[in-house]
Every structure is written in structure tokens, then in C-alpha cells.
$ cat run_9.csv   # CSV, C-alpha atoms
chain,number,residue,atom,x,y,z
A,414,MET,CA,-2.8,6.9,-13.1
A,415,ARG,CA,-1.4,6.8,-9.6
A,416,ARG,CA,-1.5,10.2,-7.8
A,417,SER,CA,-2.3,9.3,-4.2
A,418,MET,CA,-1.3,6.3,-2.2
A,419,LEU,CA,-3.2,5.9,1.1
A,420,PHE,CA,-1.7,4.0,4.0
A,421,MET,CA,-4.0,1.6,5.8
A,422,PRO,CA,-2.9,-0.3,9.0
A,423,GLY,CA,-2.8,-4.0,8.1
A,424,ASN,CA,-4.3,-5.3,11.4
A,425,ASN,CA,-7.4,-3.0,11.4
A,426,SER,CA,-10.3,-4.9,9.9
A,427,GLY,CA,-12.6,-1.9,9.9
A,428,MET,CA,-10.2,0.3,7.9
A,429,LEU,CA,-9.3,-2.6,5.5
A,430,LEU,CA,-13.0,-3.0,4.8
A,431,ASN,CA,-13.4,0.5,3.3
A,432,ALA,CA,-9.9,1.0,1.9
A,433,ASP,CA,-10.9,1.2,-1.7
A,434,ALA,CA,-13.8,3.5,-1.1
A,435,LEU,CA,-11.8,6.5,0.0
A,436,GLY,CA,-10.8,8.0,-3.3
A,437,ALA,CA,-7.1,7.1,-3.3
A,438,ASP,CA,-5.6,5.8,-6.6
A,439,SER,CA,-3.7,3.2,-4.6
A,440,VAL,CA,-4.0,1.8,-1.0
A,441,ILE,CA,-0.9,0.6,0.9
A,442,LEU,CA,-1.9,-2.2,3.2
A,443,ASP,CA,0.8,-1.9,5.9
A,444,LEU,CA,2.4,-4.9,7.6
A,445,GLU,CA,5.3,-2.8,8.8
A,446,ASP,CA,5.3,0.2,11.1
A,447,ALA,CA,1.5,0.2,11.7
A,448,VAL,CA,1.6,-3.3,13.2
A,449,SER,CA,3.2,-4.3,16.5
A,450,PRO,CA,5.7,-7.2,16.5
A,451,GLN,CA,3.4,-9.5,18.4
A,452,GLU,CA,0.6,-8.9,15.8
A,453,LYS,CA,2.6,-9.5,12.6
A,454,ASP,CA,1.1,-12.9,12.2
A,455,SER,CA,-2.4,-11.6,12.7
A,456,ALA,CA,-2.0,-8.7,10.2
A,457,ARG,CA,-0.6,-10.8,7.4
A,458,ILE,CA,-3.5,-13.3,7.7
A,459,LEU,CA,-6.0,-10.5,7.8
A,460,VAL,CA,-4.5,-8.8,4.8
A,461,ARG,CA,-4.4,-12.1,2.9
A,462,ASN,CA,-8.1,-12.7,3.6
A,463,ALA,CA,-9.0,-9.1,2.8
A,464,LEU,CA,-7.3,-9.5,-0.6
A,465,LYS,CA,-9.0,-12.8,-1.2
A,466,TYR,CA,-12.5,-11.8,-0.2
A,467,LEU,CA,-12.8,-8.0,-0.6
A,468,GLY,CA,-11.1,-7.9,-4.0
A,469,TYR,CA,-10.4,-4.1,-4.0
A,470,LYS,CA,-11.6,-3.6,-7.6
A,471,GLY,CA,-11.8,0.2,-7.2
A,472,CYS,CA,-8.0,0.9,-6.8
A,473,GLU,CA,-4.5,-0.5,-7.0
A,474,VAL,CA,-3.3,-2.5,-4.0
A,475,ILE,CA,0.2,-2.2,-2.6
A,476,ILE,CA,1.5,-4.2,0.4
A,477,ARG,CA,4.2,-2.7,2.5
A,478,ILE,CA,6.1,-5.7,3.9
A,479,ASN,CA,8.7,-5.7,6.7
A,480,SER,CA,12.3,-4.8,6.0
A,481,ILE,CA,14.9,-7.5,5.1
A,482,ASP,CA,16.7,-7.0,8.4
A,483,THR,CA,13.7,-8.5,10.3
A,484,ASP,CA,12.4,-12.1,10.6
A,485,PHE,CA,9.1,-11.1,9.1
A,486,TRP,CA,9.6,-10.2,5.4
A,487,LYS,CA,9.8,-13.7,4.0
A,488,LYS,CA,6.6,-14.7,5.9
A,489,ASP,CA,4.9,-11.6,4.5
A,490,LEU,CA,5.8,-12.6,1.0
A,491,ASP,CA,4.8,-16.2,1.5
A,492,GLU,CA,1.4,-15.1,2.7
A,493,ILE,CA,0.7,-12.2,0.3
A,494,ILE,CA,2.3,-13.1,-3.1
A,495,PRO,CA,-0.3,-15.9,-3.8
A,496,MET,CA,-3.0,-13.2,-3.6
A,497,LYS,CA,-1.2,-11.4,-6.5
A,498,PRO,CA,-1.3,-7.8,-5.2
A,499,ASP,CA,-0.4,-5.1,-7.7
A,500,MET,CA,2.8,-4.1,-6.0
A,501,ILE,CA,5.0,-4.9,-3.0
A,502,MET,CA,6.6,-2.0,-1.1
A,503,PRO,CA,9.8,-3.1,0.7
A,504,PRO,CA,10.8,-0.5,3.3
A,505,LYS,CA,14.3,0.8,4.2
A,506,VAL,CA,15.8,-0.2,0.8
A,507,SER,CA,19.4,1.1,0.7
A,508,SER,CA,21.0,-0.6,-2.3
A,509,GLY,CA,20.4,-2.5,-5.5
A,510,MET,CA,21.6,-5.6,-3.6
A,511,ASP,CA,18.6,-5.3,-1.2
A,512,ILE,CA,16.3,-5.4,-4.2
A,513,LYS,CA,18.1,-8.5,-5.6
A,514,VAL,CA,17.5,-10.3,-2.3
A,515,ILE,CA,13.8,-9.4,-2.3
A,516,GLU,CA,13.3,-10.1,-6.0
A,517,ASN,CA,15.0,-13.5,-5.8
A,518,TYR,CA,12.7,-14.6,-2.9
A,519,MET,CA,9.6,-13.1,-4.7
A,520,GLY,CA,10.6,-15.2,-7.7
A,521,GLU,CA,10.8,-18.3,-5.5
A,522,VAL,CA,7.3,-17.8,-4.1
A,523,GLU,CA,5.8,-17.0,-7.5
A,524,ARG,CA,7.3,-20.2,-8.9
A,525,ARG,CA,6.1,-22.2,-5.9
A,526,HIS,CA,2.5,-21.1,-6.5
A,527,GLY,CA,2.7,-21.2,-10.3
A,528,ILE,CA,2.2,-17.5,-10.7
A,529,GLU,CA,3.4,-16.3,-14.1
A,530,LYS,CA,2.9,-12.6,-13.5
A,531,LYS,CA,6.0,-10.9,-12.0
A,532,ILE,CA,4.6,-8.7,-9.2
A,533,SER,CA,5.9,-5.1,-9.3
A,534,LEU,CA,8.0,-3.3,-6.7
A,535,ILE,CA,7.9,0.2,-5.3
A,536,PRO,CA,10.9,0.5,-3.0
A,537,LEU,CA,10.6,2.8,0.0
A,538,ILE,CA,13.8,4.8,0.3
A,539,GLU,CA,14.2,6.2,3.7
A,540,THR,CA,17.9,6.1,4.7
A,541,ALA,CA,20.8,8.3,3.8
A,542,LEU,CA,22.5,5.4,2.0
A,543,GLY,CA,19.3,4.7,0.1
A,544,VAL,CA,19.0,8.3,-1.1
A,545,GLU,CA,22.6,8.2,-2.2
A,546,ASN,CA,22.0,4.9,-4.1
A,547,ALA,CA,18.6,6.0,-5.5
A,548,PHE,CA,19.5,5.6,-9.1
A,549,GLU,CA,21.1,2.2,-8.5
A,550,ILE,CA,18.0,1.1,-6.7
A,551,ALA,CA,15.6,2.5,-9.3
A,552,SER,CA,17.4,0.8,-12.1
A,553,SER,CA,18.2,-2.5,-10.3
A,554,SER,CA,15.1,-4.5,-11.5
A,555,LYS,CA,12.4,-4.4,-14.2
A,556,ARG,CA,9.9,-5.1,-11.4
A,557,ILE,CA,10.4,-1.6,-10.1
A,558,LYS,CA,7.8,0.8,-11.4
A,559,ALA,CA,8.4,3.7,-9.0
A,560,ILE,CA,10.4,4.7,-5.9
A,561,PHE,CA,9.0,6.4,-2.8
A,562,LEU,CA,10.7,8.8,-0.4
A,563,GLY,CA,10.1,8.2,3.3
A,564,GLY,CA,10.8,11.5,5.1
A,565,GLU,CA,10.3,10.4,8.7
A,566,ASP,CA,12.8,7.6,8.9
A,567,LEU,CA,15.2,9.5,6.6
A,568,THR,CA,15.4,12.5,9.0
A,569,ALA,CA,16.0,10.2,11.9
A,570,ASP,CA,18.9,8.7,9.9
A,571,LEU,CA,20.1,12.2,9.0
A,572,ARG,CA,19.9,13.2,12.7
A,573,CYS,CA,17.8,16.3,12.0
A,574,LYS,CA,14.4,17.5,12.9
A,575,ARG,CA,11.5,16.8,10.5
A,576,THR,CA,9.8,20.1,9.8
A,577,LYS,CA,6.6,21.1,7.9
A,578,GLN,CA,8.7,23.3,5.6
A,579,GLY,CA,10.9,20.4,4.7
A,580,ASP,CA,14.2,22.1,4.0
A,581,GLU,CA,16.0,19.1,5.6
A,582,ILE,CA,14.7,16.8,2.9
A,583,PHE,CA,15.1,19.2,-0.1
A,584,TYR,CA,18.2,17.5,-1.4
A,585,SER,CA,16.7,14.1,-1.0
A,586,ARG,CA,13.6,15.0,-2.9
A,587,GLY,CA,15.6,16.4,-5.8
A,588,ARG,CA,17.9,13.4,-5.8
A,589,MET,CA,14.9,11.0,-5.8
A,590,VAL,CA,13.2,12.7,-8.7
A,591,MET,CA,16.5,12.8,-10.7
A,592,ALA,CA,17.1,9.1,-10.0
A,593,ALA,CA,13.6,8.0,-10.9
A,594,ARG,CA,13.3,10.1,-14.1
A,595,ALA,CA,16.8,8.9,-15.2
A,596,ALA,CA,15.6,5.3,-14.7
A,597,GLY,CA,12.3,6.1,-16.5
A,598,ILE,CA,10.0,5.3,-13.6
A,599,ASP,CA,7.6,7.2,-11.3
A,600,VAL,CA,8.5,8.8,-8.0
A,601,TYR,CA,6.3,9.4,-4.9
A,602,ASP,CA,6.7,12.0,-2.2
A,603,THR,CA,6.6,11.4,1.6
A,604,PRO,CA,3.3,11.9,3.4
A,605,PHE,CA,2.4,15.2,5.0
A,606,THR,CA,1.9,14.2,8.6
A,607,ASP,CA,-0.2,16.9,10.1
A,608,VAL,CA,-3.7,15.6,9.5
A,609,GLU,CA,-5.4,18.8,10.6
A,610,ASP,CA,-3.3,21.2,8.4
A,611,GLU,CA,-5.1,21.2,5.0
A,612,GLU,CA,-3.4,24.4,3.7
A,613,GLY,CA,0.1,23.0,4.7
A,614,LEU,CA,-0.7,19.7,2.9
A,615,ARG,CA,-1.7,21.5,-0.3
A,616,LEU,CA,1.5,23.7,-0.2
A,617,ASP,CA,3.6,20.6,0.4
A,618,ALA,CA,2.0,18.7,-2.4
A,619,GLU,CA,2.3,21.6,-4.8
A,620,PHE,CA,6.0,21.9,-3.9
A,621,ALA,CA,6.5,18.2,-4.6
A,622,LYS,CA,4.7,18.4,-7.9
A,623,GLY,CA,6.9,21.4,-8.8
A,624,LEU,CA,10.0,19.3,-8.2
A,625,GLY,CA,8.7,16.6,-10.6
A,626,PHE,CA,7.1,14.0,-8.2
A,627,THR,CA,4.4,11.9,-9.8
A,628,GLY,CA,2.2,11.9,-6.6
A,629,LYS,CA,2.3,11.7,-2.9
A,630,ALA,CA,1.5,9.2,-0.1
A,631,CYS,CA,-1.2,10.0,2.5
A,632,ILE,CA,-1.6,8.8,6.0
A,633,SER,CA,-5.1,10.1,6.4
A,634,PRO,CA,-8.2,9.7,4.1
A,635,ARG,CA,-8.8,13.4,4.6
A,636,HIS,CA,-5.6,14.2,2.5
A,637,VAL,CA,-6.6,12.1,-0.5
A,638,GLN,CA,-8.8,14.6,-2.3
A,639,SER,CA,-6.2,17.5,-2.1
A,640,VAL,CA,-3.4,15.3,-3.3
A,641,ASN,CA,-5.5,14.0,-6.2
A,642,GLU,CA,-6.3,17.6,-7.1
A,643,VAL,CA,-2.8,18.9,-7.0
A,644,PHE,CA,-1.4,16.0,-9.0
A,645,SER,CA,-4.1,16.2,-11.7
A,646,PRO,CA,-3.7,18.5,-14.7
A,647,THR,CA,-5.8,21.7,-14.4
A,648,LEU,CA,-8.4,22.6,-17.1
A,649,GLU,CA,-6.2,25.5,-18.1
A,650,GLU,CA,-3.2,23.1,-18.6
A,651,ILE,CA,-5.4,20.7,-20.6
A,652,GLU,CA,-6.7,23.6,-22.8
A,653,TYR,CA,-3.2,24.9,-23.4
A,654,ALA,CA,-1.8,21.4,-24.2
A,655,THR,CA,-4.7,20.8,-26.7
A,656,GLU,CA,-3.8,24.1,-28.4
A,657,VAL,CA,-0.1,23.1,-28.5
A,658,MET,CA,-0.9,19.8,-30.2
A,659,GLU,CA,-3.3,21.5,-32.7
A,660,ILE,CA,-0.8,24.1,-33.7
A,661,ILE,CA,2.0,21.6,-34.1
A,662,GLN,CA,-0.2,19.7,-36.5
A,663,VAL,CA,-0.9,22.9,-38.4
A,664,ALA,CA,2.9,23.6,-38.5
A,665,LYS,CA,3.5,20.1,-39.9
A,666,GLU,CA,0.9,20.4,-42.6
A,667,GLN,CA,2.3,23.8,-43.6
A,668,GLY,CA,5.8,22.5,-43.6
A,669,LYS,CA,6.9,25.1,-41.0
A,670,GLY,CA,9.9,24.3,-38.8
A,671,ALA,CA,9.0,26.8,-36.1
A,672,ILE,CA,5.7,28.1,-34.8
A,673,SER,CA,4.5,30.2,-31.9
A,674,LEU,CA,1.5,30.1,-29.6
A,675,ARG,CA,0.3,32.9,-27.4
A,676,GLY,CA,3.5,34.8,-28.3
A,677,LYS,CA,5.8,32.0,-27.3
A,678,MET,CA,7.9,29.7,-29.5
A,679,ILE,CA,6.7,26.1,-29.3
A,680,ASP,CA,9.7,23.8,-29.1
A,681,ALA,CA,10.1,20.0,-28.4
A,682,PRO,CA,10.1,20.2,-24.6
A,683,ILE,CA,6.8,22.1,-24.7
A,684,VAL,CA,5.3,19.6,-27.0
A,685,GLU,CA,6.5,16.8,-24.8
A,686,ARG,CA,4.9,18.4,-21.7
A,687,ALA,CA,1.7,18.9,-23.6
A,688,ARG,CA,1.7,15.3,-24.6
A,689,GLN,CA,2.2,14.3,-20.9
A,690,THR,CA,-0.6,16.5,-19.8
A,691,LEU,CA,-3.1,15.1,-22.3
A,692,GLU,CA,-2.0,11.6,-21.5
A,693,ALA,CA,-2.6,12.2,-17.8
A,694,ALA,CA,-6.0,13.8,-18.6
A,695,LYS,CA,-7.0,10.8,-20.7
A,696,ALA,CA,-5.9,8.4,-18.0
A,697,LEU,CA,-8.0,10.2,-15.4
A,698,GLY,CA,-11.0,10.3,-17.7
A,699,GLY,CA,-12.4,13.4,-16.1
A,700,ALA,CA,-12.0,12.0,-12.5
A,701,PHE,CA,-10.4,15.1,-11.1
B,594,MET,CA,-4.5,-29.4,13.6
B,595,GLU,CA,-4.2,-30.0,17.4
B,596,ILE,CA,-5.1,-27.2,19.8
B,597,LYS,CA,-2.2,-27.4,22.2
B,598,LYS,CA,-2.8,-24.3,24.3
B,599,LYS,CA,-5.2,-21.4,24.9
B,600,ALA,CA,-4.7,-18.6,22.4
B,601,THR,CA,-6.5,-15.4,21.3
B,602,ALA,CA,-6.7,-13.1,18.2
B,603,GLY,CA,-8.6,-10.0,17.1
B,604,THR,CA,-9.9,-7.1,19.1
B,605,LEU,CA,-13.1,-5.7,20.5
B,606,GLU,CA,-13.0,-2.7,18.2
B,607,SER,CA,-15.9,-2.0,15.8
B,608,SER,CA,-15.9,-4.2,12.7
B,609,ASP,CA,-13.6,-6.7,14.3
B,610,ILE,CA,-14.0,-9.9,16.3
B,611,PHE,CA,-12.2,-11.3,19.4
B,612,VAL,CA,-11.6,-15.0,19.2
B,613,GLN,CA,-10.4,-17.3,22.0
B,614,VAL,CA,-9.6,-21.0,21.5
B,615,GLU,CA,-8.5,-23.6,24.0
B,616,PRO,CA,-8.1,-27.4,24.1
B,617,ASN,CA,-11.3,-29.4,24.6
B,618,ASP,CA,-11.9,-33.1,25.3
B,619,ASN,CA,-15.5,-33.0,24.1
B,620,GLY,CA,-15.3,-32.2,20.4
B,621,ILE,CA,-16.2,-28.7,19.1
B,622,GLU,CA,-17.9,-26.2,21.5
B,623,ILE,CA,-18.8,-22.8,20.0
B,624,ASN,CA,-19.9,-19.8,22.0
B,625,ILE,CA,-20.8,-16.7,20.1
B,626,THR,CA,-21.8,-13.2,21.3
B,627,SER,CA,-22.5,-10.6,18.7
B,628,ILE,CA,-24.0,-7.2,18.3
B,629,VAL,CA,-25.7,-8.6,15.2
B,630,TYR,CA,-26.5,-12.1,16.5
B,631,ASN,CA,-30.1,-12.1,15.6
B,632,GLN,CA,-29.3,-11.2,12.0
B,633,PHE,CA,-26.1,-13.0,11.4
B,634,GLY,CA,-25.5,-15.5,14.3
B,635,GLU,CA,-26.1,-18.5,12.1
B,636,ASP,CA,-23.8,-17.2,9.3
B,637,ILE,CA,-21.0,-16.6,11.9
B,638,GLU,CA,-21.4,-20.1,13.2
B,639,ARG,CA,-21.3,-21.6,9.7
B,640,THR,CA,-18.1,-19.6,9.0
B,641,VAL,CA,-16.6,-20.9,12.3
B,642,ARG,CA,-17.3,-24.5,11.4
B,643,GLU,CA,-16.0,-24.0,7.9
B,644,VAL,CA,-12.7,-22.7,9.1
B,645,LEU,CA,-12.3,-25.4,11.8
B,646,SER,CA,-13.0,-28.0,9.1
B,647,GLU,CA,-10.4,-26.4,6.7
B,648,PHE,CA,-7.8,-26.7,9.4
B,649,GLY,CA,-8.8,-30.1,10.5
B,650,VAL,CA,-9.7,-29.1,14.0
B,651,ASN,CA,-12.0,-31.7,15.6
B,652,SER,CA,-11.7,-30.7,19.3
B,653,VAL,CA,-11.7,-27.1,20.5
B,654,LYS,CA,-13.6,-24.8,22.8
B,655,ILE,CA,-14.0,-21.5,20.8
B,656,GLN,CA,-15.4,-18.3,22.1
B,657,LEU,CA,-16.1,-15.4,19.7
B,658,LYS,CA,-17.1,-11.8,20.7
B,659,ASP,CA,-18.2,-10.1,17.5
B,660,ARG,CA,-18.3,-6.4,16.9
B,661,GLY,CA,-19.7,-6.5,13.4
B,662,ALA,CA,-16.8,-8.1,11.6
B,663,VAL,CA,-17.2,-9.2,8.0
B,664,GLU,CA,-16.6,-12.8,6.9
B,665,CYS,CA,-13.0,-12.3,5.8
B,666,ALA,CA,-12.1,-10.8,9.2
B,667,ILE,CA,-13.9,-13.6,11.1
B,668,ARG,CA,-12.0,-16.2,9.0
B,669,ALA,CA,-8.7,-14.4,9.6
B,670,ARG,CA,-9.1,-14.0,13.3
B,671,ILE,CA,-10.1,-17.7,13.8
B,672,GLU,CA,-7.1,-18.8,11.6
B,673,THR,CA,-4.7,-16.6,13.7
B,674,ALA,CA,-6.0,-18.0,17.0
B,675,LEU,CA,-5.8,-21.6,15.7
B,676,LYS,CA,-2.2,-21.1,14.5
B,677,ARG,CA,-1.2,-19.4,17.8
B,678,ALA,CA,-2.9,-22.3,19.7
B,679,GLU,CA,-0.8,-24.7,17.7
B,680,GLY,CA,2.4,-22.7,18.4
B,681,MET,CA,2.8,-21.5,14.9
B,682,GLU,CA,2.9,-17.7,15.6
B,683,ASP,CA,6.0,-15.5,14.9

$ encode --input "run_9.csv" --output "C-alpha cells"
Amino acid sequence: MRRSMLFMPGNNSGMLLNADALGADSVILDLEDAVSPQEKDSARILVRNALKYLGYKGCEVIIRINSIDTDFWKKDLDEIIPMKPDMIMPPKVSSGMDIKVIENYMGEVERRHGIEKKISLIPLIETALGVENAFEIASSSKRIKAIFLGGEDLTADLRCKRTKQGDEIFYSRGRMVMAARAAGIDVYDTPFTDVEDEEGLRLDAEFAKGLGFTGKACISPRHVQSVNEVFSPTLEEIEYATEVMEIIQVAKEQGKGAISLRGKMIDAPIVERARQTLEAAKALGGAF
Amino acid sequence: MEIKKKATAGTLESSDIFVQVEPNDNGIEINITSIVYNQFGEDIERTVREVLSEFGVNSVKIQLKDRGAVECAIRARIETALKRAEGMED
């Protein structure tokens, strides 16, 4: 289960060394914004070697490549695809056509290296056009397992100020969740950028969870634990879900069409939520 | 691979290594300084020679200032410096 995704700068050998030991469900090794243009070659060689020699057995590995309007993204894929990372994160995706361009080139590189596995995608949506096309993007390829909202670039594109409260991205968050769920995939929230504000982080993560996000990205290892906690089911939720599934079984055995628990009717959406809660708890295996 | 010009890669930050390569007329010359030279100096030199061999480099002057980099970082920084010296960088 992927709750937290931790960004790691792709040209920092010290940080890459410990990337999978910081508690995040996924690490995003970044070849884009965290790397200056003159160090792009160095970063992709370092990340390729890190994938080859360090392995990262403890967590999922996502590589953020450079956007398709640069000269770097094909070289990123040439270097990284042979190492078979779990996912590729293309940034600034604004349409399904962008995904087709990336997917076609990924297919080319995979064939060149005899790789049968189709490497997954998690597009980073961070433009006004991208948000408006979120469902088109989310449903444009079977490689896409999730979409991810980037609040910083988005607010620059919207020409508004990025605030902690996040009113300016409220519409975009809702639109992203709707698009992802309609396409049957996961959806990840933008990072909370104040590393020192633990309470603000928790409130922001709880708000995102309340909207339907699957998890949240982090730009600091210090944020990982809180994000994991917020996006894990609580013990009370697990207990309630267990009771729901038990009473539904009883209702079936007794041939009852309707049944109540704790004074509330148990209907199909409640059963579905209970099933999701227990599935998440099982996936985490007590690691929360 | 031919070393056509002087080039560098890496940093002097902790867990990294700074590598400088330049053309040389007298085969391979390796100069290593490391905060862990007594423990790992031979390992670093072996890695340097392996990477040079992988890239078919027979003549180079290579200087390495190590700050405790692991093998994959050493390999990556040498490869980057070699490719830059050959004019293959972005």
C-alpha cells in the first residue's frame, strides 16, 4: 500500500544511500526540479547506479523524469528504464497526448532492452490545463496506476499565491480525486512545504484524506511518519469494519435483507467502505 | 574512450566523491585522497581501475577526493567525468 511518497534529489549521493530507510512507502528519485540543468547527466548516471547497486528492497521506487518540453526526458528514460524502476513520474502532464508520447518512447526503450514488463506511470498534474484534462490523462493508458497533484507549479500557472490553508487548490484537489476514482486509479496530494510545521502538515493531510486522496507526497523525511499515520486506518475504523463484515455475514445466514449496527442501517456503501478499510489494514500488516 | 579534455564530476559533500580527469600521455595515473583511505583506499583504487577498463580508457590522469562515498557513487561520478571529458555531456 502506498500512503507516502518521499522526494529525494537525484544528484545527492548521501540522500540516495538512505532513501529506503526513512519509512516512506515510495521514494521519488528526482531528476527534474532538484537537479540543475548542468548536472542532469550526473544525476541520471548516479540514479542508475543507485538502482543497480543499492536495490531499494524496502520500498517502491519512482523516478521523476524531466518534462517532455525539455531535451532531457528521453535521455532520462534511456538511462533509467533498463534498471526497471517500479514507476516513472512524468511532470507537467497536461493531456492524454502527452502520455501517449511518453508511453511510446518507454515502449521503444523497453523493446530495445528486451524488457517484457511494462513499467507503470504516475503522471504529475500541475498545470491548469492538466487539471481540466485530469480524467482524460488518468484514463489514457493502462500503465497509469495513479495521478499526483503538484500544487506549487499549479498555483504559479493559476497566477495565485500558494497558501498553507490551500483554498486556491481546493477545486483542483476535488477534480483530481473525481478523475482518478472515475478512472479506477489512486490519487496523491501535493506535499506540504513547511518542514517545521508538524501540526499544519497533519491538518493538511487529514483534509486531503477527507477529500478521498490515497496518500500524500513529502519533501522531508520528517513528514513521512505523520502522512503514514493519517492515511492508515485507525484501530477504531478496523474494529468497526470487522463488526460490519461480521453482521453482514449473520444477515446473509438469517436471510435478512436489512440489518443495523450500533443503531445505524448497514447498506452497500458502508459494506464497501468496511471492505476497503480491512483491505488497507491487511496490506499494511500492522505497520501503522 | 579517449579523454579529450579536462572534466570534473561529483562534490565534496559528505558521502560523495569529487573526480577530475584529464588527458595523459603516460597511461593511467591515479591520485586518491580519502577520509577513509586507510580502510578503503585499495577498494577505491580497484573500483577506479574497473570503471576505466569498462570504458576502455588506457590513458588518463584521474584525481579523486573522497568524502566517504559508497561504491555506486564512486562508479557514477567517474563515469560522469569520463563522459564529460569525451564531450558526451548534455

$ closest_atom_pairs --input "run_9.csv" --of "chain B" --to "chain A" --cutoff "8 Å" --atoms "only C-alpha atoms" --output "Markdown table"
| residue | atom | partner | partner_atom | distance |
| --- | --- | --- | --- | --- |
| B:Ala602 | CA | A:Ser455 | CA | 7.1 |
| B:Gly603 | CA | A:Ser455 | CA | 7.8 |
| B:Ser607 | CA | A:Gly427 | CA | 6.8 |
| B:Ser608 | CA | A:Gly427 | CA | 4.9 |
| B:Asp609 | CA | A:Ser426 | CA | 5.8 |
| B:Ala662 | CA | A:Ser426 | CA | 7.4 |
| B:Cys665 | CA | A:Asn462 | CA | 5.4 |
| B:Ala666 | CA | A:Ser426 | CA | 6.2 |
| B:Arg668 | CA | A:Asn462 | CA | 7.5 |
| B:Ala669 | CA | A:Leu459 | CA | 5.1 |
| B:Arg670 | CA | A:Ser455 | CA | 7.1 |
| B:Glu672 | CA | A:Ile458 | CA | 7.6 |
| B:Thr673 | CA | A:Ser455 | CA | 5.6 |
| B:Glu682 | CA | A:Asp454 | CA | 6.2 |
| B:Asp683 | CA | A:Asp454 | CA | 6.2 |

$ closest_residue --input "run_9.csv" --among "A:Ala687, A:Ala593, A:Ile679, A:Met418" --to "Cys631 (chain A)" --atoms "all atoms listed in the file"
A:Met418

$ residues_around --input "run_9.csv" --residues "region 637-640 of chain B" --least-positions-apart "3" --cutoff "9 Å" --atoms "only C-alpha atoms" --output "count of residues only"
12

$ closest_residue --input "run_9.csv" --among "A:Pro498, A:Arg477, A:Tyr469, A:Leu542" --to "Ala447 (chain A)" --atoms "only C-alpha atoms"
A:Arg477

$ atom_distance --input "run_9.csv" --atom1 "CA of Ala595 (chain A)" --atom2 "CA of Lys531 (chain A)"
22.8 Å

$ build_atoms --input "run_9.csv" --residues "region 553-560 of chain A" --atoms "all heavy atoms" --output "compact mmCIF listing (two decimals), keeping the file's coordinate frame"
# COMPACT_ATOMS: atom_id res chain seq x y z
N SER A 553 17.62 -1.19 -10.68
CA SER A 553 18.20 -2.50 -10.30
C SER A 553 17.27 -3.68 -10.77
O SER A 553 17.70 -4.82 -10.74
CB SER A 553 18.42 -2.60 -8.84
OG SER A 553 17.19 -2.48 -8.14
N SER A 554 16.01 -3.41 -11.13
CA SER A 554 15.10 -4.50 -11.50
C SER A 554 13.99 -3.98 -12.38
O SER A 554 13.50 -2.87 -12.17
CB SER A 554 14.50 -5.12 -10.24
OG SER A 554 13.40 -5.94 -10.57
N LYS A 555 13.57 -4.83 -13.33
CA LYS A 555 12.40 -4.40 -14.20
C LYS A 555 11.12 -4.46 -13.41
O LYS A 555 10.11 -3.96 -13.89
CB LYS A 555 12.35 -5.39 -15.38
CG LYS A 555 13.43 -5.10 -16.41
CD LYS A 555 13.26 -5.94 -17.65
CE LYS A 555 14.34 -5.55 -18.66
NZ LYS A 555 14.55 -6.58 -19.66
N ARG A 556 11.14 -5.08 -12.24
CA ARG A 556 9.90 -5.10 -11.40
C ARG A 556 9.61 -3.70 -10.86
O ARG A 556 8.48 -3.42 -10.46
CB ARG A 556 10.07 -6.04 -10.24
CG ARG A 556 10.08 -7.51 -10.58
CD ARG A 556 10.28 -8.31 -9.31
NE ARG A 556 10.47 -9.73 -9.53
CZ ARG A 556 9.52 -10.65 -9.36
NH1 ARG A 556 8.32 -10.29 -8.94
NH2 ARG A 556 9.77 -11.93 -9.57
N ILE A 557 10.63 -2.87 -10.77
CA ILE A 557 10.40 -1.60 -10.10
C ILE A 557 9.73 -0.59 -11.02
O ILE A 557 10.21 -0.26 -12.10
CB ILE A 557 11.81 -1.00 -9.65
CG1 ILE A 557 12.43 -1.94 -8.61
CG2 ILE A 557 11.64 0.40 -9.07
CD1 ILE A 557 13.79 -1.52 -8.12
N LYS A 558 8.56 -0.14 -10.57
CA LYS A 558 7.80 0.80 -11.40
C LYS A 558 7.83 2.21 -10.81
O LYS A 558 7.42 3.16 -11.48
CB LYS A 558 6.28 0.34 -11.38
CG LYS A 558 6.08 -1.07 -11.88
CD LYS A 558 6.54 -1.26 -13.32
CE LYS A 558 6.29 -2.67 -13.81
NZ LYS A 558 7.39 -3.21 -14.57
N ALA A 559 8.29 2.34 -9.58
CA ALA A 559 8.40 3.70 -9.00
C ALA A 559 9.24 3.55 -7.70
O ALA A 559 9.47 2.44 -7.20
CB ALA A 559 6.98 4.16 -8.57
N ILE A 560 9.74 4.70 -7.24
CA ILE A 560 10.40 4.70 -5.90
C ILE A 560 9.65 5.75 -5.07
O ILE A 560 8.96 6.64 -5.59
CB ILE A 560 11.90 5.08 -6.01
CG1 ILE A 560 12.16 6.34 -6.85
CG2 ILE A 560 12.67 3.89 -6.57
CD1 ILE A 560 13.62 6.79 -6.85
